[in-house]
Amino acid sequence: MSLEAVLSRIDDTLPEALDRLFGLLRIPSISTDPAYRGDCAAAADWLVEDLRSLGFEASSRPTPGHPMVVAHGGEGGPHLLFYGHYDVQPVDPLTLWHRDPFDPAIEETAKGKVIRGRGSSDDKGQLMTFLEACRAWKAVHGALPCRLTIFLEGEEESGSPSLVPFMTDNSAELAADLALICDTGLFDSARPAITTMLRGLARVEFTVRAAGRDLHSGMYGGLARNPIHVLSRILGQLHDDQGRVQVPGFYDDVDELPEAIRAQWQSLAFDHSAYLGDVGLSVPAGETGRTPLEMIWSRPTAEVNGVWGGYTGAGFKTVLPAEAHAKVSFRLVSRQDPDKILQAFRGWIEDQLPEDCELVWSEPDGSPASVMEIDNPAFEAARHALSEEWGSPAAFIGCGGSIPIAGFFKSILGMDAMLIGFGKDDDQIHSPNEKYDLESFHHGIRSWARILDRIAG
């Protein structure tokens, strides 16, 4: 009955929860623009005061950029760390907004009521679902559900330059049994999900150089090496006819998808034709014999993101360029190491370079994939809690992109992260007229109350 009392409290106090959210949304905490530095500090201070009202020991911690908010509260049970970010994207172009982006309001739409305003979904509305669940729990029980650490940053939308140094310097204080991240979404409009796989990323820009200068094609064409030809031939062999990457050893550290997870993904009935149709495509590419969800969530990729060289201006200039350039990135899975992949890729290119050509390698960068240990009972407990709240079986899903904070929790603090969010694909995050469904906010609060009850109760 204690959980029912918490859920009833959430329902009864939803208007007050919205008022608090609107107060946070009114602060224009745009982290990328120095003009809003004071507003970012104000948002951090707002959160500190709100956390203190819940009984947390909370403070705003300075960094070379915007402050980190760190709070500790509760006792007993598992030690959980909750992460979110209070900074938001710029609002340009302002003329495309239907209302002031920092004057939040409830709006009626064809699909139901939404909270309109910058940060409503990414990530202020999401992080407040957790704080409101804690508030209701405290009101009913007189105490927080277990030992909790709250960790909120103000630079997520500007690349998190202070995050890794801060986590490294404060690793002992931030260490916990499990991290909770609310910066993702539902699988579809009503099916909850827990993201347990995040692809990593390796990327590099490189140049194939031949002659010491651009050459006249009438004087040197057919005799001199053209680096665009060389680069095109090499990149054209990056995949075989079955879509497999041809870099030696590329798949050595790629694990097959567990059958239980494969079955869950099959039950999601992902409509790849609609997914591709939305961007004007119809036929899946990539590895043959793999389902579309496997390809975007659990399989590695090699993509050419840009190629250039020679004369590309108006008109025509008949030259053999001295250089050709490319940007190539790899989405990584399982145990793939970004440095190992990039070294293998470089060696593969060098083995195919003809005489008179050299490779200039620049700007390599990468981070590994994150794969959570879902045999931790907390994951199954959270999945059941979400299923109960949304009336639809929650699934463990993957993410085609990278969410660096989850990897940092693993590599720096040595703990897994559970990514649970309630955003929807049409929330227009990073775009004008961002919104967060009122249903997402309300059920999100109730979901966290159920999860805390299952994990800590």
# chains A, B, ... in the order shown; residues from 1 in each chain; ligands from 1
$ select_by_dssp --residues "range 62-282 of chain A" --states "strand (DSSP E)" --output "PyMOL selection string"
chain A and resi 68-73+79-85+105-109+112-116+147-153+178-181+193-198+200-209+215-216
$ write_last_selection --atoms "N, CA and C atoms" --output "compact mmCIF listing (two decimals), in the first residue's frame"
# COMPACT_ATOMS: atom_id res chain seq x y z
N MET A 68 28.70 22.14 -11.72
CA MET A 68 28.10 20.83 -11.49
C MET A 68 27.26 20.92 -10.22
N VAL A 69 26.13 20.26 -10.22
CA VAL A 69 25.31 20.16 -9.02
C VAL A 69 25.47 18.75 -8.46
N VAL A 70 25.89 18.66 -7.21
CA VAL A 70 26.08 17.37 -6.55
C VAL A 70 25.28 17.38 -5.25
N ALA A 71 24.53 16.31 -5.01
CA ALA A 71 23.72 16.22 -3.80
C ALA A 71 23.74 14.80 -3.28
N HIS A 72 23.67 14.66 -1.97
CA HIS A 72 23.65 13.35 -1.32
C HIS A 72 22.50 13.32 -0.31
N GLY A 73 21.83 12.18 -0.27
CA GLY A 73 20.74 12.05 0.68
C GLY A 73 20.30 10.62 0.82
N HIS A 79 23.09 2.01 -3.24
CA HIS A 79 23.48 3.40 -3.46
C HIS A 79 23.30 3.69 -4.94
N LEU A 80 22.36 4.58 -5.28
CA LEU A 80 22.05 4.91 -6.65
C LEU A 80 22.50 6.33 -6.96
N LEU A 81 23.07 6.52 -8.16
CA LEU A 81 23.44 7.85 -8.62
C LEU A 81 22.54 8.22 -9.78
N PHE A 82 21.89 9.37 -9.70
CA PHE A 82 21.04 9.85 -10.79
C PHE A 82 21.74 10.98 -11.51
N TYR A 83 21.79 10.88 -12.85
CA TYR A 83 22.44 11.91 -13.68
C TYR A 83 21.43 12.57 -14.61
N GLY A 84 21.57 13.88 -14.77
CA GLY A 84 20.83 14.64 -15.77
C GLY A 84 21.61 15.90 -16.10
N HIS A 85 21.08 16.70 -17.01
CA HIS A 85 21.76 17.98 -17.31
C HIS A 85 20.73 19.09 -17.37
N ALA A 105 4.41 26.65 -21.25
CA ALA A 105 2.97 26.57 -21.07
C ALA A 105 2.47 25.19 -21.47
N ILE A 106 1.30 24.84 -20.99
CA ILE A 106 0.62 23.64 -21.45
C ILE A 106 -0.17 23.99 -22.70
N GLU A 107 0.03 23.21 -23.75
CA GLU A 107 -0.70 23.44 -24.99
C GLU A 107 -1.49 22.19 -25.37
N GLU A 108 -2.66 22.41 -25.94
CA GLU A 108 -3.47 21.33 -26.49
C GLU A 108 -3.02 21.06 -27.92
N THR A 109 -2.76 19.79 -28.24
CA THR A 109 -2.41 19.41 -29.60
C THR A 109 -3.33 18.28 -30.04
N GLY A 112 -2.77 15.36 -27.84
CA GLY A 112 -2.92 15.50 -26.39
C GLY A 112 -2.17 16.72 -25.87
N LYS A 113 -2.14 16.85 -24.56
CA LYS A 113 -1.51 18.01 -23.94
C LYS A 113 0.01 17.85 -23.91
N VAL A 114 0.69 18.97 -24.18
CA VAL A 114 2.15 18.97 -24.15
C VAL A 114 2.64 20.15 -23.35
N ILE A 115 3.86 20.01 -22.83
CA ILE A 115 4.57 21.10 -22.17
C ILE A 115 5.47 21.72 -23.24
N ARG A 116 5.23 22.98 -23.58
CA ARG A 116 5.99 23.61 -24.65
C ARG A 116 7.05 24.53 -24.05
N ARG A 147 19.94 5.29 -0.30
CA ARG A 147 21.06 6.22 -0.43
C ARG A 147 21.13 6.72 -1.88
N LEU A 148 21.06 8.03 -2.05
CA LEU A 148 21.02 8.62 -3.39
C LEU A 148 22.08 9.69 -3.55
N THR A 149 22.71 9.71 -4.71
CA THR A 149 23.56 10.82 -5.13
C THR A 149 22.95 11.40 -6.39
N ILE A 150 22.80 12.72 -6.42
CA ILE A 150 22.30 13.41 -7.60
C ILE A 150 23.47 14.14 -8.25
N PHE A 151 23.63 13.97 -9.55
CA PHE A 151 24.76 14.55 -10.28
C PHE A 151 24.22 15.20 -11.55
N LEU A 152 24.19 16.53 -11.58
CA LEU A 152 23.61 17.27 -12.70
C LEU A 152 24.66 18.20 -13.29
N GLU A 153 24.84 18.12 -14.60
CA GLU A 153 25.85 18.97 -15.24
C GLU A 153 25.21 20.07 -16.07
N LEU A 178 25.00 1.80 -8.87
CA LEU A 178 24.37 1.84 -10.19
C LEU A 178 24.03 3.28 -10.52
N ALA A 179 24.22 3.65 -11.79
CA ALA A 179 23.84 4.99 -12.25
C ALA A 179 22.50 4.92 -12.97
N LEU A 180 21.71 5.95 -12.81
CA LEU A 180 20.43 6.09 -13.50
C LEU A 180 20.52 7.35 -14.36
N ILE A 181 20.17 7.23 -15.64
CA ILE A 181 20.25 8.35 -16.56
C ILE A 181 18.89 8.56 -17.21
N ALA A 193 11.20 1.58 -22.38
CA ALA A 193 12.40 0.82 -22.71
C ALA A 193 13.55 1.22 -21.80
N ILE A 194 14.49 0.30 -21.64
CA ILE A 194 15.73 0.57 -20.93
C ILE A 194 16.87 0.34 -21.92
N THR A 195 17.64 1.36 -22.17
CA THR A 195 18.76 1.24 -23.11
C THR A 195 19.93 0.58 -22.39
N THR A 196 20.37 -0.55 -22.94
CA THR A 196 21.44 -1.32 -22.31
C THR A 196 22.67 -1.48 -23.20
N MET A 197 22.58 -1.02 -24.44
CA MET A 197 23.71 -1.09 -25.35
C MET A 197 23.86 0.26 -26.05
N LEU A 198 25.05 0.79 -26.05
CA LEU A 198 25.35 2.05 -26.73
C LEU A 198 26.56 1.84 -27.62
N GLY A 200 29.87 2.63 -29.62
CA GLY A 200 30.98 3.56 -29.49
C GLY A 200 31.27 4.22 -30.82
N LEU A 201 32.36 4.97 -30.87
CA LEU A 201 32.66 5.73 -32.07
C LEU A 201 34.18 5.86 -32.24
N ALA A 202 34.64 5.64 -33.46
CA ALA A 202 36.03 5.93 -33.83
C ALA A 202 35.98 6.73 -35.12
N ARG A 203 36.78 7.77 -35.22
CA ARG A 203 36.71 8.62 -36.41
C ARG A 203 38.08 9.19 -36.74
N VAL A 204 38.28 9.47 -38.02
CA VAL A 204 39.56 10.02 -38.45
C VAL A 204 39.37 10.79 -39.75
N GLU A 205 40.17 11.82 -39.91
CA GLU A 205 40.28 12.54 -41.18
C GLU A 205 41.67 12.25 -41.74
N PHE A 206 41.76 11.95 -43.03
CA PHE A 206 43.06 11.63 -43.61
C PHE A 206 43.16 12.16 -45.04
N THR A 207 44.37 12.19 -45.52
CA THR A 207 44.68 12.73 -46.85
C THR A 207 45.55 11.75 -47.62
N VAL A 208 45.25 11.55 -48.88
CA VAL A 208 46.14 10.83 -49.81
C VAL A 208 46.82 11.89 -50.66
N ARG A 209 48.14 11.93 -50.60
CA ARG A 209 48.92 12.96 -51.29
C ARG A 209 49.77 12.31 -52.38
N LEU A 215 48.29 19.53 -60.98
CA LEU A 215 48.88 19.36 -62.30
C LEU A 215 47.87 19.62 -63.41
N HIS A 216 48.32 20.12 -64.52
CA HIS A 216 47.49 20.34 -65.70
C HIS A 216 47.14 18.98 -66.29
$ closest_atom_pairs --of "range 327-414 of chain A" --to "range 271-295 of chain A" --cutoff "10 Å" --atoms "only C-alpha atoms" --output "CSV"
residue,atom,partner,partner_atom,distance
A:Ile397,CA,A:Leu293,CA,9.2
A:Gly398,CA,A:Leu293,CA,8.4
A:Cys399,CA,A:Leu293,CA,9.5
A:Gly400,CA,A:Met295,CA,8.5
$ closest_residue --among "A:Arg346, A:His66, A:Arg61, A:Arg52" --to "Cys40 in chain A" --atoms "only C-alpha atoms"
A:His66
$ closest_residue --among "A:Val230, A:Val333, A:Ala41, A:Leu21" --to "Asp252 in chain A" --atoms "only C-alpha atoms"
A:Val333
$ residues_around --residues "Ala369 in chain A" --least-positions-apart "3" --cutoff "10 Å" --atoms "only C-alpha atoms" --output "PyMOL selection string"
chain A and resi 197-201+298+300+331-338+366+372+401-404+406-407
$ atom_distance --atom1 "CA of Leu413 in chain A" --atom2 "CA of Thr168 in chain A"
8.2 Å
$ closest_residue --among "A:Ile445, A:Val6, A:Ile420, A:Asp427" --to "His141 in chain A" --atoms "only C-alpha atoms"
A:Val6
$ residues_around --residues "His239 in chain A" --least-positions-apart "3" --cutoff "12 Å" --atoms "only C-alpha atoms" --output "list in words"
Arg233, Ile234, Leu235, Gly236, Gln242, Gly243, Arg244, Val245, Gln246, Val247, Pro248, Phe250, Ala285, Gly286, Glu287, Thr288, Thr301, Ala302, Glu303 and Val304 of chain A
$ write_last_selection --atoms "N, CA and C atoms" --output "short mmCIF file (atom, residue, chain, number, x, y, z; two decimals), in the first residue's frame"
data_model
loop_
_atom_site.label_atom_id
_atom_site.label_comp_id
_atom_site.auth_asym_id
_atom_site.auth_seq_id
_atom_site.Cartn_x
_atom_site.Cartn_y
_atom_site.Cartn_z
N ARG A 233 39.09 4.43 -55.08
CA ARG A 233 39.22 2.97 -55.20
C ARG A 233 39.30 2.32 -53.82
N ILE A 234 40.07 2.91 -52.92
CA ILE A 234 40.23 2.33 -51.58
C ILE A 234 38.90 2.36 -50.82
N LEU A 235 38.25 3.51 -50.81
CA LEU A 235 36.98 3.62 -50.08
C LEU A 235 35.90 2.74 -50.69
N GLY A 236 35.98 2.54 -52.00
CA GLY A 236 35.01 1.67 -52.66
C GLY A 236 35.13 0.21 -52.26
N GLN A 242 28.26 -8.24 -49.36
CA GLN A 242 27.32 -8.58 -48.28
C GLN A 242 27.28 -7.50 -47.20
N GLY A 243 27.98 -6.40 -47.45
CA GLY A 243 27.94 -5.29 -46.51
C GLY A 243 28.90 -5.40 -45.35
N ARG A 244 29.80 -6.39 -45.38
CA ARG A 244 30.75 -6.55 -44.28
C ARG A 244 31.98 -5.68 -44.50
N VAL A 245 32.46 -5.09 -43.42
CA VAL A 245 33.62 -4.22 -43.46
C VAL A 245 34.87 -5.07 -43.71
N GLN A 246 35.72 -4.59 -44.60
CA GLN A 246 36.87 -5.38 -45.05
C GLN A 246 38.18 -5.07 -44.34
N VAL A 247 38.16 -4.21 -43.35
CA VAL A 247 39.37 -3.95 -42.57
C VAL A 247 39.74 -5.21 -41.79
N PRO A 248 40.96 -5.71 -41.89
CA PRO A 248 41.34 -6.95 -41.19
C PRO A 248 41.12 -6.85 -39.68
N PHE A 250 38.38 -6.52 -38.08
CA PHE A 250 37.33 -5.59 -37.66
C PHE A 250 36.30 -6.27 -36.76
N ALA A 285 20.23 -1.25 -46.34
CA ALA A 285 21.59 -1.54 -46.77
C ALA A 285 22.29 -2.26 -45.62
N GLY A 286 23.62 -2.30 -45.63
CA GLY A 286 24.34 -2.92 -44.53
C GLY A 286 24.47 -4.42 -44.68
N GLU A 287 24.79 -5.09 -43.58
CA GLU A 287 25.06 -6.52 -43.59
C GLU A 287 23.82 -7.33 -43.96
N THR A 288 23.98 -8.25 -44.86
CA THR A 288 22.89 -9.15 -45.20
C THR A 288 22.69 -10.16 -44.07
N THR A 301 29.69 -0.44 -37.75
CA THR A 301 29.58 0.14 -39.09
C THR A 301 30.87 0.85 -39.48
N ALA A 302 31.01 1.08 -40.77
CA ALA A 302 32.07 1.93 -41.32
C ALA A 302 31.39 2.86 -42.30
N GLU A 303 31.49 4.17 -42.07
CA GLU A 303 30.80 5.13 -42.92
C GLU A 303 31.76 6.21 -43.41
N VAL A 304 31.65 6.55 -44.68
CA VAL A 304 32.39 7.65 -45.25
C VAL A 304 31.54 8.90 -45.07
#
$ select_by_dssp --residues "range 184-317 of chain A" --states "alpha helix (DSSP H)" --output "PyMOL selection string"
chain A and resi 217-220+227-236+259-267+272-277+292-297
$ write_last_selection --atoms "C-alpha atoms" --output "mmCIF file, in the first residue's frame"
data_model
loop_
_atom_site.group_PDB
_atom_site.id
_atom_site.type_symbol
_atom_site.label_atom_id
_atom_site.label_comp_id
_atom_site.auth_asym_id
_atom_site.auth_seq_id
_atom_site.Cartn_x
_atom_site.Cartn_y
_atom_site.Cartn_z
ATOM 1 C CA SER A 217 45.454 17.379 -66.903
ATOM 2 C CA GLY A 218 46.411 17.955 -70.515
ATOM 3 C CA MET A 219 50.101 17.689 -69.690
ATOM 4 C CA TYR A 220 50.005 15.018 -66.950
ATOM 5 C CA PRO A 227 44.950 10.853 -55.592
ATOM 6 C CA ILE A 228 41.174 11.145 -56.027
ATOM 7 C CA HIS A 229 41.268 7.952 -58.098
ATOM 8 C CA VAL A 230 43.367 6.248 -55.421
ATOM 9 C CA LEU A 231 41.141 7.378 -52.566
ATOM 10 C CA SER A 232 37.933 6.457 -54.399
ATOM 11 C CA ARG A 233 39.217 2.966 -55.200
ATOM 12 C CA ILE A 234 40.227 2.330 -51.580
ATOM 13 C CA LEU A 235 36.982 3.617 -50.076
ATOM 14 C CA GLY A 236 35.008 1.668 -52.664
ATOM 15 C CA GLU A 259 18.931 -14.822 -27.982
ATOM 16 C CA ALA A 260 16.795 -13.399 -25.167
ATOM 17 C CA ILE A 261 17.549 -9.857 -26.317
ATOM 18 C CA ARG A 262 17.023 -10.801 -29.953
ATOM 19 C CA ALA A 263 13.557 -12.125 -29.053
ATOM 20 C CA GLN A 264 12.690 -8.897 -27.220
ATOM 21 C CA TRP A 265 13.735 -6.828 -30.217
ATOM 22 C CA GLN A 266 11.688 -9.001 -32.555
ATOM 23 C CA SER A 267 8.643 -8.363 -30.372
ATOM 24 C CA HIS A 272 11.903 -0.452 -41.090
ATOM 25 C CA SER A 273 10.016 0.500 -44.247
ATOM 26 C CA ALA A 274 8.375 3.429 -42.448
ATOM 27 C CA TYR A 275 11.675 4.298 -40.742
ATOM 28 C CA LEU A 276 13.456 4.494 -44.097
ATOM 29 C CA GLY A 277 10.426 5.944 -45.852
ATOM 30 C CA PRO A 292 17.174 -3.714 -39.191
ATOM 31 C CA LEU A 293 17.250 -3.272 -35.401
ATOM 32 C CA GLU A 294 20.360 -5.443 -35.163
ATOM 33 C CA MET A 295 22.064 -3.270 -37.744
ATOM 34 C CA ILE A 296 21.379 0.043 -35.992
ATOM 35 C CA TRP A 297 21.745 -1.144 -32.385
#
$ residues_around --residues "Trp308 in chain A" --least-positions-apart "2" --cutoff "10 Å" --atoms "only C-alpha atoms" --output "ChimeraX atom specification"
/A:207,228,231,306,310-312,323-327
$ closest_residue --among "A:Trp97, A:Phe330, A:Phe22, A:Phe102" --to "Asn433 in chain A" --atoms "only C-alpha atoms"
A:Trp97
$ atom_distance --atom1 "CA of Lys124 in chain A" --atom2 "CA of Ser53 in chain A"
17.9 Å
$ residues_around --residues "Ala133 in chain A" --least-positions-apart "6" --cutoff "10 Å" --atoms "only C-alpha atoms" --output "ChimeraX atom specification"
/A:6-7,9-10,17,139,144-145,442,444-452
